[in-house]
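The file my_file27.tsv contains TSV, C-alpha atoms:
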chain	number	residue	atom	x	y	z
A	1	MET	CA	76.00	99.54	99.78
A	2	VAL	CA	77.17	101.85	97.02
A	3	GLU	CA	79.88	104.46	97.57
A	4	ARG	CA	80.51	107.20	94.99
A	5	TRP	CA	83.43	109.66	95.04
A	6	LYS	CA	83.09	112.82	92.96
A	7	ILE	CA	85.55	115.69	92.54
A	8	ALA	CA	83.81	119.04	92.10
A	9	ALA	CA	84.34	121.02	88.89
A	10	ASP	CA	86.52	123.56	90.74
A	11	ALA	CA	88.73	120.70	92.05
A	12	LYS	CA	88.51	122.14	95.57
A	13	THR	CA	86.04	119.69	97.10
A	14	VAL	CA	85.35	115.98	97.05
A	15	ASP	CA	81.85	114.63	97.69
A	16	VAL	CA	81.39	111.07	98.89
A	17	THR	CA	77.86	109.69	98.66
A	18	VAL	CA	76.96	106.41	100.39
A	19	THR	CA	73.67	104.66	99.67
A	20	VAL	CA	72.59	101.65	101.73
A	21	GLU	CA	69.74	99.41	100.63
A	22	ASP	CA	68.83	96.83	103.30
A	23	PRO	CA	65.12	95.95	103.42
A	24	GLY	CA	65.69	94.09	106.70
A	25	ALA	CA	66.95	97.26	108.41
A	26	PHE	CA	65.43	100.19	106.48
A	27	THR	CA	62.00	100.84	104.92
A	28	ALA	CA	63.67	102.95	102.20
A	29	PRO	CA	67.23	103.35	100.89
A	30	TRP	CA	69.41	105.43	103.23
A	31	THR	CA	71.79	107.98	101.70
A	32	GLY	CA	74.52	110.02	103.36
A	33	VAL	CA	76.92	112.61	101.92
A	34	GLN	CA	80.31	113.71	103.25
A	35	ARG	CA	82.11	116.68	101.68
A	36	TRP	CA	85.82	117.41	102.05
A	37	ARG	CA	87.32	120.77	101.19
A	38	ARG	CA	90.88	121.08	99.89
A	39	VAL	CA	93.18	123.08	102.15
A	40	GLU	CA	96.32	124.51	100.59
A	41	GLU	CA	99.61	124.14	102.44
A	42	ALA	CA	98.07	121.97	105.12
A	43	PRO	CA	100.28	119.29	106.65
A	44	ILE	CA	99.48	115.68	105.90
A	45	LEU	CA	99.00	114.07	109.27
A	46	GLN	CA	99.98	110.53	110.10
A	47	VAL	CA	97.06	108.45	111.30
A	48	PRO	CA	98.25	105.43	113.26
A	49	CYS	CA	96.26	102.22	113.26
A	50	ASN	CA	95.47	100.60	116.60
A	51	GLU	CA	95.73	97.11	115.14
A	52	ASN	CA	99.22	97.67	113.70
A	53	ASN	CA	101.07	100.25	115.75
A	54	ASP	CA	104.58	98.77	115.72
A	55	ASP	CA	107.48	100.60	114.08
A	56	HIS	CA	108.42	97.80	111.67
A	57	PHE	CA	110.47	99.93	109.28
A	58	SER	CA	112.20	102.32	111.73
A	59	GLN	CA	110.18	105.37	110.72
A	60	ASP	CA	110.27	106.87	114.23
A	61	LEU	CA	106.53	106.36	114.68
A	62	VAL	CA	105.06	107.34	118.01
A	63	PRO	CA	103.47	104.23	119.53
A	64	LEU	CA	99.86	104.36	120.64
A	65	ALA	CA	99.02	104.03	124.30
A	66	GLN	CA	98.55	100.41	125.38
A	67	ALA	CA	97.11	99.09	128.61
A	68	ALA	CA	99.46	97.00	130.74
A	69	LYS	CA	96.54	94.76	131.76
A	70	PRO	CA	92.95	94.34	130.55
A	71	ASP	CA	90.26	96.58	132.02
A	72	PHE	CA	87.96	93.64	132.68
Give the structure from the file, written as structure tokens.
Amino acid sequence: MVERWKIAADAKTVDVTVTVEDPGAFTAPWTGVQRWRRVEEAPILQVPCNENNDDHFSQDLVPLAQAAKPDF
């Protein structure tokens, strides 16, 4: 897998191109592109991680929902 990040000349978009070469899964290389557009004055959102959702450093993080018992 090869991942390439490229900032556009106008510095307002970022293109990420991923190319996967796996002869056992694909008959030809697979390529995907994701484009992000810069938004001025947009808030930077906190994205919590399910695997590490404790508030270790007292940052007033909102804990993620957790099941009291397993579903199975």
Inset, instruction - Give me the residues within 12 Å of segment 27-34 of chain A as a PyMOL selection string, counting all atoms listed in the file and dropping any in the same chain fewer than 5 places off. - result: chain A and resi 1-6+13-22
Would you compute, for all listed atoms of segment 37-44 of chain A, the axis-aligned bounding box grown by 6 Å on each side, and then report its centre and edge lengths in Å rounded to one decimal, as JSON?
{"center_x": 93.8, "center_y": 120.1, "center_z": 103.3, "size_x": 25.0, "size_y": 20.8, "size_z": 18.8}
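In terms of minimum interatomic distance to Arg35 of chain A, A:Ile7 ranks closest within A:Pro23, A:Asp60, A:Ile7, A:Lys69, counting only C-alpha atoms.
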Inset, instruction - Would you mind reading off the distance between atom CA of Ser58 of chain A and atom CA of Ala42 of chain A, one decimal, in Å? - result: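 Pair atom CA of Ser58 of chain A / atom CA of Ala42 of chain A returns 25.1 Å.
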Legend entry - Nearest to Arg38 of chain A, chosen from A:Phe26, A:Ala11, A:Gln59, A:Pro70, with only C-alpha atoms counted in the distances: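 Nearest candidate to Arg38 of chain A out of A:Phe26, A:Ala11, A:Gln59, A:Pro70: A:Ala11.
Interatomic distance, atom CA of Val39 of chain A against atom CA of Lys12 of chain A: 8.1 Å.
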Completed segment 2-16 of chain A (N, CA and C atoms) as a PDB file, in the coordinates of the input:
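What landed in selection-v3.pdb:
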ATOM      1  N   VAL A   2      76.504 101.237  98.161  1.00  0.00           N
ATOM      2  CA  VAL A   2      77.170 101.850  97.020  1.00  0.00           C
ATOM      3  C   VAL A   2      77.843 103.118  97.509  1.00  0.00           C
ATOM      4  N   GLU A   3      79.116 103.277  97.176  1.00  0.00           N
ATOM      5  CA  GLU A   3      79.880 104.460  97.570  1.00  0.00           C
ATOM      6  C   GLU A   3      80.381 105.147  96.308  1.00  0.00           C
ATOM      7  N   ARG A   4      80.104 106.432  96.169  1.00  0.00           N
ATOM      8  CA  ARG A   4      80.510 107.200  94.990  1.00  0.00           C
ATOM      9  C   ARG A   4      81.372 108.389  95.415  1.00  0.00           C
ATOM     10  N   TRP A   5      82.532 108.529  94.797  1.00  0.00           N
ATOM     11  CA  TRP A   5      83.430 109.660  95.040  1.00  0.00           C
ATOM     12  C   TRP A   5      83.359 110.568  93.828  1.00  0.00           C
ATOM     13  N   LYS A   6      83.194 111.875  94.064  1.00  0.00           N
ATOM     14  CA  LYS A   6      83.090 112.820  92.960  1.00  0.00           C
ATOM     15  C   LYS A   6      83.888 114.077  93.288  1.00  0.00           C
ATOM     16  N   ILE A   7      84.791 114.448  92.395  1.00  0.00           N
ATOM     17  CA  ILE A   7      85.550 115.690  92.540  1.00  0.00           C
ATOM     18  C   ILE A   7      84.734 116.802  91.893  1.00  0.00           C
ATOM     19  N   ALA A   8      84.583 117.909  92.611  1.00  0.00           N
ATOM     20  CA  ALA A   8      83.810 119.040  92.100  1.00  0.00           C
ATOM     21  C   ALA A   8      84.527 119.660  90.898  1.00  0.00           C
ATOM     22  N   ALA A   9      83.786 120.408  90.089  1.00  0.00           N
ATOM     23  CA  ALA A   9      84.340 121.020  88.890  1.00  0.00           C
ATOM     24  C   ALA A   9      85.490 121.975  89.204  1.00  0.00           C
ATOM     25  N   ASP A  10      85.445 122.633  90.369  1.00  0.00           N
ATOM     26  CA  ASP A  10      86.520 123.560  90.740  1.00  0.00           C
ATOM     27  C   ASP A  10      87.732 122.845  91.339  1.00  0.00           C
ATOM     28  N   ALA A  11      87.651 121.538  91.500  1.00  0.00           N
ATOM     29  CA  ALA A  11      88.730 120.700  92.050  1.00  0.00           C
ATOM     30  C   ALA A  11      89.118 121.102  93.470  1.00  0.00           C
ATOM     31  N   LYS A  12      88.211 121.730  94.202  1.00  0.00           N
ATOM     32  CA  LYS A  12      88.510 122.140  95.570  1.00  0.00           C
ATOM     33  C   LYS A  12      87.732 121.338  96.606  1.00  0.00           C
ATOM     34  N   THR A  13      86.783 120.529  96.175  1.00  0.00           N
ATOM     35  CA  THR A  13      86.040 119.690  97.100  1.00  0.00           C
ATOM     36  C   THR A  13      85.834 118.302  96.516  1.00  0.00           C
ATOM     37  N   VAL A  14      85.671 117.348  97.416  1.00  0.00           N
ATOM     38  CA  VAL A  14      85.350 115.980  97.050  1.00  0.00           C
ATOM     39  C   VAL A  14      84.077 115.606  97.807  1.00  0.00           C
ATOM     40  N   ASP A  15      83.095 115.094  97.083  1.00  0.00           N
ATOM     41  CA  ASP A  15      81.850 114.630  97.690  1.00  0.00           C
ATOM     42  C   ASP A  15      81.827 113.120  97.666  1.00  0.00           C
ATOM     43  N   VAL A  16      81.531 112.519  98.806  1.00  0.00           N
ATOM     44  CA  VAL A  16      81.390 111.070  98.890  1.00  0.00           C
ATOM     45  C   VAL A  16      79.948 110.786  99.275  1.00  0.00           C
TER      46      VAL A  16
END
